[in-house]
Each structure stands twice: as C-alpha cells, then as structure tokens.
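S.K.: structure_0.cif (mmCIF, C-alpha atoms) pasted underneath:
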```
data_run
loop_
_atom_site.label_atom_id
_atom_site.label_comp_id
_atom_site.auth_asym_id
_atom_site.auth_seq_id
_atom_site.Cartn_x
_atom_site.Cartn_y
_atom_site.Cartn_z
CA MET R 1 147.55 102.97 126.87
CA LEU R 2 146.16 101.92 130.21
CA TYR R 3 142.96 100.97 128.39
CA LEU R 4 144.91 98.57 126.20
CA ARG R 5 146.92 97.18 129.12
CA GLN R 6 143.73 96.37 131.00
CA ILE R 7 142.35 94.52 127.96
CA LEU R 8 145.58 92.55 127.71
CA ALA R 9 145.44 91.79 131.44
CA ILE R 10 141.99 90.21 131.03
CA ALA R 11 143.12 88.27 127.97
CA GLY R 12 146.29 87.15 129.76
CA LYS R 13 144.29 85.98 132.76
CA ASP R 14 141.97 83.90 130.57
CA LEU R 15 144.80 82.39 128.56
CA ARG R 16 146.82 81.56 131.66
CA SER R 17 143.96 79.80 133.39
CA GLU R 18 143.23 77.92 130.18
CA LEU R 19 146.87 76.88 129.75
CA ARG R 20 146.93 75.57 133.30
CA SER R 21 143.71 73.59 133.15
CA LYS R 22 143.52 72.95 129.37
CA GLU R 23 139.88 72.04 129.97
CA THR R 24 138.09 73.68 127.06
CA VAL R 25 140.87 73.48 124.49
CA ASN R 26 141.21 69.73 124.98
CA ALA R 27 137.45 69.27 124.75
CA SER R 28 137.20 71.48 121.70
CA LEU R 29 140.06 69.74 119.94
CA SER R 30 138.78 66.23 120.53
CA PHE R 31 135.29 67.30 119.48
CA ALA R 32 136.77 68.73 116.27
CA LEU R 33 138.47 65.40 115.57
CA VAL R 34 135.22 63.53 116.22
CA ILE R 35 133.39 65.73 113.71
CA LEU R 36 136.16 65.24 111.15
CA LEU R 37 135.77 61.50 111.63
CA LEU R 38 131.98 61.66 111.31
CA PHE R 39 132.24 63.53 108.00
CA SER R 40 133.94 60.49 106.47
CA PHE R 41 130.69 58.55 106.97
CA ALA R 42 128.49 61.35 105.68
CA PHE R 43 129.89 61.34 102.15
CA ASP R 44 132.36 59.47 99.99
CA PRO R 45 135.69 61.09 100.89
CA SER R 46 137.19 61.09 97.41
CA ALA R 47 139.60 63.87 96.52
CA GLU R 48 137.23 65.56 94.11
CA THR R 49 134.21 65.91 96.43
CA VAL R 50 136.34 66.90 99.39
CA ARG R 51 138.00 69.72 97.51
CA GLU R 52 134.66 71.09 96.42
CA ILE R 53 133.24 71.22 99.93
CA SER R 54 136.42 71.63 101.98
CA GLY R 55 135.54 75.17 103.06
CA GLY R 56 132.14 74.10 104.33
CA LEU R 57 133.55 71.11 106.20
CA LEU R 58 136.29 73.07 107.90
CA TRP R 59 134.07 75.94 108.97
CA LEU R 60 131.42 73.62 110.34
CA VAL R 61 134.13 71.98 112.42
CA PHE R 62 135.38 75.38 113.58
CA ALA R 63 131.90 76.64 114.40
CA PHE R 64 130.87 73.57 116.39
CA ALA R 65 134.19 72.97 118.14
CA GLY R 66 134.73 76.68 118.70
CA ALA R 67 131.36 76.96 120.41
CA LEU R 68 132.69 74.78 123.23
CA VAL R 69 135.37 77.37 123.95
CA LEU R 70 133.13 80.39 123.39
CA ASN R 71 130.11 79.20 125.36
CA ARG R 72 132.10 78.81 128.55
CA SER R 73 133.98 82.08 128.34
CA PHE R 74 131.67 83.96 130.70
CA ALA R 75 130.13 80.95 132.44
CA ARG R 76 133.55 79.94 133.80
CA GLU R 77 133.64 83.15 135.83
CA GLN R 78 130.56 82.24 137.79
CA PRO R 79 132.03 80.01 140.53
CA ASN R 80 133.17 82.11 143.52
CA ASP R 81 131.36 85.12 141.99
CA CYS R 82 134.36 85.95 139.81
CA LEU R 83 132.12 87.66 137.26
CA ASP R 84 130.83 90.11 139.87
CA ALA R 85 134.39 90.85 140.91
CA LEU R 86 135.42 91.47 137.31
CA ILE R 87 132.48 93.80 136.77
CA ALA R 88 133.28 95.66 139.97
CA SER R 89 136.95 95.99 139.00
CA PRO R 90 138.15 99.24 137.36
CA THR R 91 137.89 97.71 133.88
CA SER R 92 134.83 98.66 131.86
CA GLY R 93 132.46 96.09 130.36
CA ALA R 94 133.84 96.81 126.90
CA GLN R 95 137.39 96.08 128.07
CA LEU R 96 136.29 92.86 129.71
CA PHE R 97 134.54 91.87 126.51
CA LEU R 98 137.48 92.72 124.26
CA GLY R 99 139.92 90.95 126.57
CA LYS R 100 137.83 87.81 126.54
CA CYS R 101 137.41 88.04 122.77
CA LEU R 102 141.17 88.28 122.38
CA ALA R 103 141.78 85.22 124.55
CA ASN R 104 139.07 83.23 122.76
CA PHE R 105 140.46 84.28 119.40
CA VAL R 106 143.90 82.95 120.32
CA LEU R 107 142.44 79.67 121.58
CA LEU R 108 140.25 79.18 118.52
CA MET R 109 143.13 79.93 116.15
CA ALA R 110 145.23 77.38 118.03
CA VAL R 111 142.53 74.72 117.64
CA GLU R 112 142.21 75.58 113.96
CA MET R 113 145.95 75.40 113.44
CA ILE R 114 145.85 71.79 114.62
CA CYS R 115 142.63 70.90 112.78
CA VAL R 116 143.65 72.05 109.31
CA PRO R 117 146.76 69.82 108.92
CA VAL R 118 144.79 66.90 110.36
CA PHE R 119 142.05 67.61 107.83
CA GLY R 120 144.68 67.75 105.09
CA ILE R 121 146.06 64.35 106.10
CA PHE R 122 142.72 62.57 106.60
CA TYR R 123 141.10 63.86 103.44
CA ASN R 124 144.18 64.10 101.29
CA VAL R 125 143.90 67.81 100.56
CA ALA R 126 146.94 69.91 99.69
CA TRP R 127 146.00 73.05 101.59
CA THR R 128 149.34 74.87 101.81
CA ARG R 129 149.38 76.47 98.37
CA ARG R 130 147.67 79.73 99.41
CA ILE R 131 148.68 79.73 103.03
CA GLY R 132 149.03 83.51 103.33
CA TRP R 133 145.51 84.26 102.14
CA LEU R 134 144.17 81.28 104.06
CA THR R 135 145.57 82.73 107.27
CA VAL R 136 143.88 86.05 106.57
CA VAL R 137 140.53 84.36 105.90
CA PHE R 138 140.85 82.17 109.00
CA ALA R 139 141.68 85.19 111.13
CA LEU R 140 138.73 87.24 109.82
CA GLY R 141 136.28 84.34 110.08
CA THR R 142 137.48 83.34 113.52
CA TRP R 143 137.14 86.90 114.79
CA ALA R 144 133.54 86.90 113.55
CA LEU R 145 132.79 83.65 115.38
CA THR R 146 134.57 84.98 118.47
CA ILE R 147 132.65 88.25 118.61
CA ILE R 148 129.24 86.63 118.21
CA GLY R 149 130.08 83.70 120.49
CA THR R 150 131.53 85.82 123.28
CA MET R 151 128.69 88.33 123.11
CA PHE R 152 126.05 85.63 123.43
CA SER R 153 128.03 83.92 126.14
CA ALA R 154 127.74 87.18 128.09
CA LEU R 155 124.07 87.52 127.18
CA THR R 156 123.12 84.07 128.43
CA VAL R 157 125.47 83.82 131.40
CA ASN R 158 122.73 84.12 134.02
CA LEU R 159 120.12 82.09 132.19
CA ARG R 160 118.84 78.86 133.55
CA LEU R 161 118.59 77.31 130.07
CA ARG R 162 121.99 78.59 128.94
CA GLU R 163 123.19 75.46 127.16
CA LEU R 164 119.91 75.16 125.30
CA MET R 165 119.62 78.80 124.28
CA LEU R 166 123.15 79.39 122.98
CA PRO R 167 123.14 77.20 119.84
CA ILE R 168 119.72 78.49 118.81
CA LEU R 169 120.89 82.09 119.03
CA VAL R 170 124.51 81.84 117.92
CA TYR R 171 124.46 79.78 114.73
CA PRO R 172 121.81 81.71 112.74
CA MET R 173 123.63 84.89 113.76
CA MET R 174 126.93 83.62 112.34
CA ILE R 175 125.49 82.68 108.93
CA PRO R 176 126.75 85.62 106.83
CA ALA R 177 130.28 85.35 108.24
CA LEU R 178 130.31 81.58 107.79
CA MET R 179 129.10 81.96 104.21
CA GLY R 180 131.93 84.33 103.34
CA ALA R 181 134.55 82.24 105.10
CA ILE R 182 133.31 79.00 103.49
CA GLN R 183 133.30 80.48 100.01
CA LEU R 184 136.80 81.94 100.32
CA THR R 185 138.28 78.87 101.99
CA THR R 186 136.95 76.57 99.28
CA VAL R 187 138.47 78.76 96.58
CA LEU R 188 141.83 78.98 98.36
CA MET R 189 141.94 75.25 99.06
CA THR R 190 141.86 74.53 95.35
CA GLY R 191 144.98 76.65 95.01
CA ALA R 192 143.32 79.45 93.04
CA PRO R 193 144.00 83.08 94.01
CA PRO R 194 141.04 84.84 95.68
CA GLY R 195 140.29 86.73 92.45
CA PRO R 196 138.06 89.75 91.86
CA GLU R 197 134.80 87.74 91.87
CA ASN R 198 135.45 86.78 95.49
CA GLN R 199 136.32 90.31 96.63
CA VAL R 200 132.75 90.72 97.71
CA TRP R 201 133.09 87.87 100.26
CA LEU R 202 136.24 89.38 101.70
CA ARG R 203 134.44 92.70 102.07
CA LEU R 204 131.51 90.90 103.68
CA LEU R 205 133.80 89.28 106.26
CA VAL R 206 135.59 92.53 107.06
CA GLY R 207 132.28 94.41 107.25
CA PHE R 208 130.72 91.76 109.50
CA ASP R 209 133.73 91.92 111.83
CA ILE R 210 133.67 95.70 112.06
CA ILE R 211 129.91 96.06 112.52
CA PHE R 212 129.57 93.41 115.18
CA THR R 213 132.73 94.45 117.03
CA ILE R 214 131.27 97.96 117.32
CA LEU R 215 127.83 96.66 118.32
CA GLY R 216 129.32 94.25 120.82
CA VAL R 217 131.59 96.82 122.44
CA GLY R 218 128.71 99.32 122.57
CA LEU R 219 126.11 96.98 124.03
CA VAL R 220 128.05 94.65 126.29
CA GLU R 221 127.92 97.08 129.22
CA ILE R 222 124.12 96.93 129.09
CA VAL R 223 124.22 93.15 128.97
CA LEU R 224 126.62 92.70 131.88
CA VAL R 225 125.72 95.55 134.21
CA GLY R 226 122.26 96.79 133.24
CA MET O 1 90.25 103.65 124.27
CA ARG O 2 92.71 101.00 123.17
CA GLU O 3 89.99 98.36 123.21
CA LYS O 4 87.93 100.45 120.82
CA LEU O 5 90.93 100.83 118.56
CA ILE O 6 91.33 97.05 118.44
CA TYR O 7 87.69 96.65 117.41
CA LEU O 8 87.98 99.45 114.87
CA PHE O 9 91.13 98.12 113.23
CA SER O 10 89.88 94.56 113.09
CA ALA O 11 86.54 95.69 111.63
CA ILE O 12 88.28 97.68 108.87
CA ALA O 13 90.65 94.78 108.22
CA ALA O 14 87.74 92.33 107.99
CA VAL O 15 85.87 94.51 105.50
CA LEU O 16 88.99 95.08 103.42
CA LEU O 17 89.89 91.40 103.40
CA ALA O 18 86.37 90.36 102.42
CA TRP O 19 86.27 92.91 99.61
CA ASP O 20 89.72 91.86 98.41
CA LEU O 21 88.91 88.17 98.56
CA TYR O 22 85.86 88.85 96.42
CA ARG O 23 87.94 90.77 93.88
CA VAL O 24 90.82 88.28 93.85
CA PHE O 25 88.67 85.18 93.44
CA MET O 26 85.58 86.44 91.57
CA VAL O 27 86.65 89.43 89.49
CA LEU O 28 90.26 88.89 88.47
CA PRO O 29 90.96 86.38 85.67
CA ASP O 30 93.56 83.60 85.96
CA GLU O 31 97.06 84.72 85.12
CA ALA O 32 98.22 83.83 81.59
CA ASN O 33 101.21 81.63 82.52
CA GLN O 34 100.55 80.49 86.07
CA GLY O 35 96.81 79.87 86.14
CA ALA O 36 94.89 80.12 89.39
CA ILE O 37 97.82 79.70 91.78
CA TYR O 38 99.17 83.20 91.16
CA ARG O 39 96.50 84.47 93.55
CA ILE O 40 98.68 83.37 96.45
CA ILE O 41 100.81 86.46 95.82
CA TYR O 42 98.03 88.53 97.38
CA PHE O 43 98.85 86.89 100.70
CA HIS O 44 102.49 85.97 100.21
CA VAL O 45 103.85 89.46 99.54
CA PRO O 46 101.77 91.41 102.10
CA ALA O 47 102.73 88.87 104.79
CA ALA O 48 106.42 89.40 104.01
CA MET O 49 106.03 93.18 104.12
CA THR O 50 104.12 93.06 107.39
CA SER O 51 106.63 90.79 109.09
CA LEU O 52 109.68 92.78 107.97
CA LEU O 53 108.02 96.01 109.01
CA GLY O 54 107.31 94.35 112.36
CA PHE O 55 110.96 93.39 112.85
CA PHE O 56 112.01 96.94 112.03
CA VAL O 57 109.56 98.35 114.58
CA ALA O 58 110.83 95.80 117.10
CA MET O 59 114.41 97.01 116.58
CA VAL O 60 113.38 100.65 117.03
CA CYS O 61 111.37 99.86 120.17
CA SER O 62 114.26 97.81 121.59
CA ALA O 63 116.64 100.72 121.07
CA LEU O 64 114.07 103.06 122.66
CA TYR O 65 113.74 100.70 125.61
CA LEU O 66 117.50 100.72 126.16
CA ILE O 67 117.48 104.53 126.07
CA THR O 68 114.38 105.23 128.17
CA ARG O 69 114.10 102.00 130.23
CA ASN O 70 110.34 102.21 129.86
CA LEU O 71 108.88 98.71 129.94
CA ARG O 72 106.09 99.73 127.56
CA PHE O 73 108.61 99.78 124.70
CA ASP O 74 109.65 96.30 125.67
CA SER O 75 106.12 94.99 125.47
CA VAL O 76 105.64 96.66 122.07
CA ALA O 77 108.87 95.04 120.83
CA ALA O 78 107.79 91.63 122.13
CA ALA O 79 104.30 91.87 120.67
CA VAL O 80 105.51 93.12 117.29
CA THR O 81 108.14 90.39 117.05
CA GLU O 82 105.62 87.69 117.88
CA VAL O 83 103.25 88.91 115.19
CA GLY O 84 106.18 89.34 112.80
CA VAL O 85 107.24 85.72 113.29
CA VAL O 86 103.68 84.56 112.56
CA PHE O 87 103.51 86.58 109.35
CA ALA O 88 106.97 85.38 108.33
CA ALA O 89 105.65 81.84 108.77
CA VAL O 90 102.63 82.70 106.59
CA ASN O 91 105.05 84.04 103.99
CA LEU O 92 107.21 80.90 104.06
CA VAL O 93 104.26 78.51 103.90
CA THR O 94 102.41 80.29 101.09
CA GLY O 95 105.68 80.60 99.15
CA SER O 96 106.29 76.90 99.61
CA ILE O 97 102.83 76.03 98.27
CA TRP O 98 103.38 78.27 95.25
CA GLY O 99 106.79 76.67 94.65
CA ARG O 100 105.27 73.18 94.73
CA ILE O 101 102.87 74.11 91.92
CA ILE O 102 105.14 76.25 89.74
CA TRP O 103 108.63 74.86 90.38
CA GLY O 104 107.49 71.36 91.32
CA ILE O 105 109.38 71.48 94.62
CA TRP O 106 108.43 72.60 98.11
CA TRP O 107 111.71 74.26 98.87
CA THR O 108 114.85 75.43 97.15
CA TRP O 109 117.92 77.05 98.69
CA ASP O 110 117.37 80.29 96.91
CA ALA O 111 118.44 83.71 98.20
CA ARG O 112 115.10 85.01 99.41
CA LEU O 113 113.84 81.71 100.75
CA THR O 114 117.01 81.18 102.70
CA SER O 115 117.19 84.71 104.07
CA MET O 116 113.54 84.64 105.16
CA LEU O 117 114.15 81.32 106.90
CA VAL O 118 117.23 82.70 108.68
CA CYS O 119 115.18 85.73 109.67
CA TRP O 120 112.42 83.50 111.03
CA LEU O 121 114.94 81.41 112.98
CA LEU O 122 116.62 84.47 114.50
CA TYR O 123 113.35 85.90 115.77
CA ALA O 124 112.10 82.50 116.91
CA GLY O 125 115.29 82.47 118.97
CA TYR O 126 114.35 85.89 120.32
CA LEU O 127 110.97 84.58 121.47
CA MET O 128 112.61 81.56 123.10
CA LEU O 129 115.07 83.80 124.91
CA ARG O 130 112.16 85.80 126.29
CA ARG O 131 110.58 82.66 127.66
CA ALA O 132 113.83 81.60 129.30
CA ILE O 133 114.14 84.71 131.51
CA ASP O 134 111.77 85.29 134.39
CA GLU O 135 112.87 88.63 135.75
CA PRO O 136 111.07 91.37 133.71
CA THR O 137 113.79 94.05 133.51
CA GLN O 138 116.51 91.52 132.77
CA ARG O 139 114.30 89.99 130.10
CA ALA O 140 113.64 93.39 128.55
CA ARG O 141 117.32 94.34 128.59
CA LEU O 142 118.73 91.15 127.09
CA SER O 143 116.02 90.69 124.49
CA ALA O 144 116.41 94.33 123.40
CA VAL O 145 120.11 93.73 122.77
CA LEU O 146 119.29 90.55 120.88
CA SER O 147 116.67 92.32 118.78
CA ILE O 148 119.21 94.94 117.67
CA PHE O 149 121.80 92.26 116.86
CA ALA O 150 119.23 90.24 114.95
CA PHE O 151 118.03 93.14 112.84
CA VAL O 152 121.56 94.14 111.81
CA ASP O 153 122.25 90.51 111.01
CA VAL O 154 119.06 90.21 108.96
CA ILE O 155 120.18 93.10 106.75
CA ILE O 156 123.58 91.49 106.17
CA VAL O 157 122.05 88.05 105.58
CA TRP O 158 119.61 89.52 103.08
CA LYS O 159 122.36 91.19 101.07
CA SER O 160 124.86 88.38 101.23
CA ILE O 161 122.63 85.46 100.32
CA GLU O 162 121.71 87.30 97.14
CA TRP O 163 125.36 86.97 96.11
CA TRP O 164 125.22 83.29 96.99
CA ARG O 165 122.46 82.15 94.60
CA THR O 166 119.07 83.23 93.39
CA GLN O 167 116.04 81.63 91.80
CA HIS O 168 113.14 83.57 93.35
CA PRO O 169 111.12 85.63 90.85
CA GLY O 170 112.38 89.19 90.61
CA PRO O 171 110.40 92.07 92.08
CA VAL O 172 107.02 92.39 90.34
CA LEU O 173 105.68 95.51 91.98
CA SER O 174 105.72 98.82 90.18
CA ILE O 175 107.55 100.71 92.94
CA ARG O 176 110.84 99.06 91.99
CA ASN O 177 110.94 98.84 88.22
CA GLY O 178 107.77 100.17 86.67
CA GLY O 179 104.97 97.65 86.38
CA GLY O 180 105.58 93.91 86.26
CA MET O 181 101.90 93.26 86.98
CA ALA O 182 98.85 94.16 84.94
CA PRO O 183 97.33 97.37 86.37
CA GLY O 184 94.07 95.75 87.51
CA MET O 185 95.96 93.00 89.28
CA GLU O 186 98.17 95.20 91.39
CA SER O 187 95.66 97.26 93.31
CA PRO O 188 94.16 94.35 95.34
CA LEU O 189 97.67 93.54 96.46
CA TRP O 190 98.19 96.96 97.98
CA TRP O 191 94.78 96.83 99.63
CA ASN O 192 95.76 93.47 101.07
CA VAL O 193 98.98 94.99 102.41
CA LEU O 194 96.86 97.53 104.26
CA ALA O 195 94.46 94.85 105.48
CA MET O 196 97.24 92.61 106.78
CA ALA O 197 98.99 95.56 108.41
CA LEU O 198 95.70 96.33 110.20
CA VAL O 199 95.31 92.70 111.30
CA ALA O 200 98.88 92.81 112.58
CA THR O 201 98.25 96.10 114.40
CA SER O 202 95.18 94.78 116.18
CA LEU O 203 97.05 91.61 117.16
CA VAL O 204 99.90 93.74 118.50
CA LEU O 205 97.50 95.90 120.49
CA LEU O 206 95.85 92.79 121.87
CA ARG O 207 99.21 91.31 122.88
CA MET O 208 100.23 94.59 124.49
CA ARG O 209 97.06 94.59 126.53
CA GLN O 210 97.85 91.05 127.66
CA GLU O 211 101.41 92.09 128.56
CA GLY O 212 100.09 95.05 130.51
CA ILE O 213 97.70 92.85 132.46
CA ARG O 214 100.47 90.36 133.12
CA ARG O 215 102.70 93.11 134.49
CA GLU O 216 99.86 94.18 136.74
CA ILE O 217 99.43 90.62 138.01
CA ASP O 218 103.18 90.37 138.59
CA ALA O 219 103.12 93.58 140.60
CA LEU O 220 100.14 92.38 142.65
CA ARG O 221 101.84 89.06 143.31
CA ARG O 222 104.97 90.82 144.53
CA TYR O 223 102.81 93.07 146.68
CA ALA O 224 101.06 90.01 148.14
CA HIS O 225 104.44 88.46 148.90
CA ALA O 226 105.54 91.62 150.63
CA LEU O 227 102.49 91.45 152.86
#
```
Take the structure from the file and write it as structure tokens.

M.R.:
Amino acid sequence: MLYLRQILAIAGKDLRSELRSKETVNASLSFALVILLLFSFAFDPSAETVREISGGLLWLVFAFAGALVLNRSFAREQPNDCLDALIASPTSGAQLFLGKCLANFVLLMAVEMICVPVFGIFYNVAWTRRIGWLTVVFALGTWALTIIGTMFSALTVNLRLRELMLPILVYPMMIPALMGAIQLTTVLMTGAPPGPENQVWLRLLVGFDIIFTILGVGLVEIVLVG
Amino acid sequence: MREKLIYLFSAIAAVLLAWDLYRVFMVLPDEANQGAIYRIIYFHVPAAMTSLLGFFVAMVCSALYLITRNLRFDSVAAAVTEVGVVFAAVNLVTGSIWGRIIWGIWWTWDARLTSMLVCWLLYAGYLMLRRAIDEPTQRARLSAVLSIFAFVDVIIVWKSIEWWRTQHPGPVLSIRNGGGMAPGMESPLWWNVLAMALVATSLVLLRMRQEGIRREIDALRRYAHAL
C-alpha cells in the first residue's frame, strides 16, 4: 500500500510541475501538429491513401512528439540536484521509475487525445467507429513507448551527448511495439473489428509491455544508483 | 599465453579459410539455378551465425558483469559486440550483393533483412553509447543494461517481423528440415562457420588485450595525477 502511494506521489509531483509550467506538453503538442502538417507534403492526402497508412502516420507522430516528453523526464530533475535528492529519498529506484512512467503515460495519452481528432479533421478520416478498441491499442502502445523512453532517459541522464544518444537508442528499441500498434491502428481506423488474424499483434503489444516493464523495474536501480 | 592463443586461432582460421576457398571456388560446381553467385552463402550464413552468437555472448557477459562487477566481463562484452557488429555488416553486405544478382534489387523490406538491420542498428547504438561515457565503471554499468535490453528486443524483433512480411529464402541447412543443400555443398559451409568463429575469437582476444592495456594506462594516468 505504501509502495503504491509512493509511486503515486512521484507521479503526482511530475504531473503537478508539468501542469504548472506546461513546458514539455506544449512543445510536444506543437511538434505533433508540425509533423501532421509536414505529412501533407510528403504524399497526396487523398482519403484512400490516408486510410491505408493512418496507423503508421499516427504512431510516427506519437513516437516523435512523445520523445520530447520522455527525453526530459529524468533530465528535468538535474537542476538543484533534484535527482540526487530523489534517489536519496525513501523511495526505491523502481518506484521512482514507475512513478515517472505513470506521469509520462498520462501526458502522452493527453497529447494523443488531442492529436487524433486533429488528424481526423485534417485528413478526413472517420476514426470513431472502433473507439473502444482504439483506446486499448493506444494505451498499450503508449505504455510501450513510455517504458522504453523513460528507461533510456534514466540511462542517458548523466551523459554529455544525451540529446544525440537518445534517438539512436530509443527508436530501434521501440520497433516491435510500433509495428504492432501501427498494424492494429490501421485496421481499426478502417472500421473493421480487430479480428483473429490480428490477435498476434495484440499479443505482441501486451508481451512487449510486460517484458520491458519487468526488465525496466529490475534494472533501473542499477542504472540510477550503481 | 593469450598471445599464443591469438596466433594459434588465427593460424587455424587461415588454413581452414584457404582450404575452404579452394573447395568452394575450384572443386564445387555452379549451382543449377543460381549459377556462380550461390557461393556467397559460404560467407553470408557463417557471418550471420557468428554475429548472433557474439550478441548472445555479449548479453551473458553483461549480465555477469552486473552480478560480479568484474570489469573483465565488460571488456569481453564490448569486444564481442564490436566483432558481432562487423560480422553483421558482412552479412548485410553479402546478402545485398546476392539480392542484386538474384532478385534484381539491392534491398527489400523482408523479415530477415529488416530484423538484421534493426539488430545492427541496436548494437551500433551500443557502441556509440560506450564512446559517449568516459568513466569506466559507469560505462560498464550502463552499456551492460543496454546490452540486455537490446538482446531481448532482438528476439522480439526477429519473431515479429516474420509476421510482418517475408521474402528471404527459407532455411537451407539440414539441421532445420533435413537437407535443402546437396551433401557435398553443405560441408564447406560448416567448415566456414568454424573458420569465421575462429577469426572472430582471435579478434575478440585481440580487442580484450587492447582493453586491458587501456585500463592499465588509465590506472597509471590516475596514479600520475595523484602524485
């Protein structure tokens, strides 16, 4: 019980400071809009093409815009040695990690919740037909991005080349989760049910989430403390 | 002792490679459908095996480093990964040449090609991370964690991209499904696997010696600073 409360305290702290400054969410959201705009130059945005690649487009936006939130999640603790204080506090590294993941997850989902309707309007896609399943897929995919992103944010927090290293490490790592999320989102966007042939992608997403949550929780103490 | 091992392994590898090259180019006939280009398999497949074996060893050594905190495991992991990345590159390049002749294209987004490329990128990232950290124990710690993450990811990538799409020729070796290759054609391949594994081992030993010397220099430099 206390364990959970401490995780929630970390998450609450992160969310509160983000709500007050709105630094990263604003940046992430405007970056997402910029990417959505750029896509319109990359291909002919007719209804047919867009529907076929909608999953890929959306998840690229989420991955790139989400990285802005994720990359800073440990780096923002560096001024005034906040990170050292957090590590010295009675919370374990795993709790710190889970708390930050939770906060990042909420922020990313919020950004996505704004991006998807905007995407629907700009590219004329009716996306609401399978909204229940879509929410599940978004939640699973976002958790995968969050776990990997937060873990590598912790891994690179003390590096001098942090901004350069993160994209190289994070995006190849996310590939299986992105593949599953893209495949499922494209299917759901067309209004079709997920169907038995796509079960395997759902299992992949769930498996990815479970495996990397366990690995992250197990190894983050080593990364942060030594 | 280790120096002698390096010489021994490289000598055996050289003899094996020379003998195999002779057999592959002089003795074996051209393959019925593919012609001369099929010979690239004698380098393509052993390179893939060597690199994947290397990444596995790197993961084990990284885990061992995290358990024992012995820097020797770290230098093994680093050396093995470096050699693994090189052999993965050999695998990608030879595959690409083969594809140009047989498929008419250098690259296709097929399951195995894509997963090998992802694998290569992940471990190239590992090597870059190592270069970005100066402090030896911090470098060992963080890169060990990354190596474990990468290996788990490689397994998932490998499985999942197969569901995505596939065009690569199926397995041809007899261990999987009983003889896709003519009997005389398969044995040089296994000898080449051994030869390449020996080349890789001597490179790893060489790299480890370099790492050891570098650690010694680091220690001496710190000692000099202390004075």

S.K.: To one decimal place, how far is CA of Ile41 in chain O from CA of Asp153 in chain O in Å?

M.R.: 26.6 Å

S.K.: Carefully work through the PyMOL selection byres ((chain O and resi 46) around 8) for this structure and note down the residues it includes, as a PyMOL selection string.

M.R.: chain O and resi 42-45+47-50+189-190+192-193+196

S.K.: Please save C-alpha atoms of the selected residues as a CSV table (one decimal), in the coordinates of the input.

M.R.:
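File produced: selection-v3.csv:
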```csv
chain,number,residue,atom,x,y,z
O,42,TYR,CA,98.0,88.5,97.4
O,43,PHE,CA,98.8,86.9,100.7
O,44,HIS,CA,102.5,86.0,100.2
O,45,VAL,CA,103.8,89.5,99.5
O,47,ALA,CA,102.7,88.9,104.8
O,48,ALA,CA,106.4,89.4,104.0
O,49,MET,CA,106.0,93.2,104.1
O,50,THR,CA,104.1,93.1,107.4
O,189,LEU,CA,97.7,93.5,96.5
O,190,TRP,CA,98.2,97.0,98.0
O,192,ASN,CA,95.8,93.5,101.1
O,193,VAL,CA,99.0,95.0,102.4
O,196,MET,CA,97.2,92.6,106.8
```

S.K.: Residues around (104.1, 75.2, 102.4), cut-off 12 Å, counting all atoms listed in the file - what are they as a PyMOL selection string?

M.R.: chain O and resi 40+44+89-101+105-108+113

S.K.: Assuming the chain letters and numbering stay as they are in my file, what does the PyMOL selection byres ((chain O) within 8 of (chain R)) actually select? List them as a VMD selection string.

M.R.: chain O and resid 118 121 to 122 125 to 126 128 to 129 132 to 133 138 141 to 142 145 149 to 150 153 156 to 157 160 to 161

S.K.: Using all atoms listed in the file for the distances, tell me which of O:Ile155, O:Phe55, O:Ile102, O:Ala77 is nearest to Tyr38 in chain O.

M.R.: O:Ile102

S.K.: So how many Å separate CA of Phe39 in chain R and CA of Gly56 in chain R, to one decimal?

M.R.: 11.2 Å

S.K.: So which residues get picked by the PyMOL selection byres ((chain R and resi 193) around 12) here, written as an NGL selection string?

M.R.: :R and (129-134 or 184-192 or 194-199)

S.K.: Interatomic distance between CA of Ala42 in chain R and CA of Phe138 in chain R?

M.R.: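 CA of Phe138 in chain R lies 24.4 Å from CA of Ala42 in chain R.
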
S.K.: Select, from R:Ile214, R:Ala144, R:Leu68, R:Val206, the residue with the minimum atom-to-atom distance to Leu178 in chain R, counting all atoms listed in the file.

M.R.: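 Residue with the minimum atom-to-atom distance to Leu178 in chain R: R:Ala144.
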
S.K.: Could you pull the residues within 10 Å of range 10-20 of chain O, counting all atoms listed in the file, minus those fewer than 2 positions along the same chain, as a VMD selection string?

M.R.: chain O and resid 4 to 8 22 to 27 42 187 to 203

S.K.: Got a sec: who's within 10 Å of Leu60 in chain R, counting all atoms listed in the file, leaving out chain neighbours fewer than 4 positions off, as a list in words?

M.R.: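 Near Leu60 in chain R, the qualifying residues are Ala32, Ile35, Leu36, Ser54, Gly55, Gly56, Phe64, Ala65, Gly66, Leu178 and Ile182 of chain R.
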
S.K.: Which of these residues is nearest to Leu57 in chain R, using only C-alpha atoms: R:Ile10, R:Leu70, R:Met1, R:Leu38?

M.R.: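 Ranking R:Ile10, R:Leu70, R:Met1, R:Leu38 by distance to Leu57 in chain R, first place goes to R:Leu38.
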
S.K.: Using all atoms listed in the file, which of R:Lys22, R:Arg76, R:Lys100, R:Arg203 sits nearest Ile7 in chain R?

M.R.: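 Closest to Ile7 in chain R of all the choices is R:Lys100.
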
S.K.: Extract, using all atoms listed in the file, all DNA, RNA and protein residues at most 9 Å from range 45-47 of chain R, discarding same-chain residues fewer than 6 positions from it, and format them as a list in words.

M.R.: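 What passes the distance filter is Phe39, Tyr123, Asn124 and Val125 of chain R.
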
S.K.: Any idea what's packed within 8 Å of range 205-221 of chain O, counting all atoms listed in the file, ignoring anything in its chain fewer than 4 positions away? Could you give it as a ChimeraX atom specification?

M.R.: /O:2,6,75-76,79,201,225

S.K.: Let me make sure I understand: among R:Gln95, R:Ser89, R:Asn71, R:Thr213, which one has the smallest atom-to-atom distance to Gln6 in chain R if we use only C-alpha atoms?

M.R.: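 Ranking R:Gln95, R:Ser89, R:Asn71, R:Thr213 by distance to Gln6 in chain R, first place goes to R:Gln95.
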
S.K.: Mind giving me the axis-aligned box for range 72-89 of chain R with 5 Å on every side, centre plus edges in Å to one decimal, as AutoDock Vina command-line options?

M.R.:
```
--center_x 133.5 --center_y 87.4 --center_z 135.9 --size_x 16.8 --size_y 27.2 --size_z 25.2
```
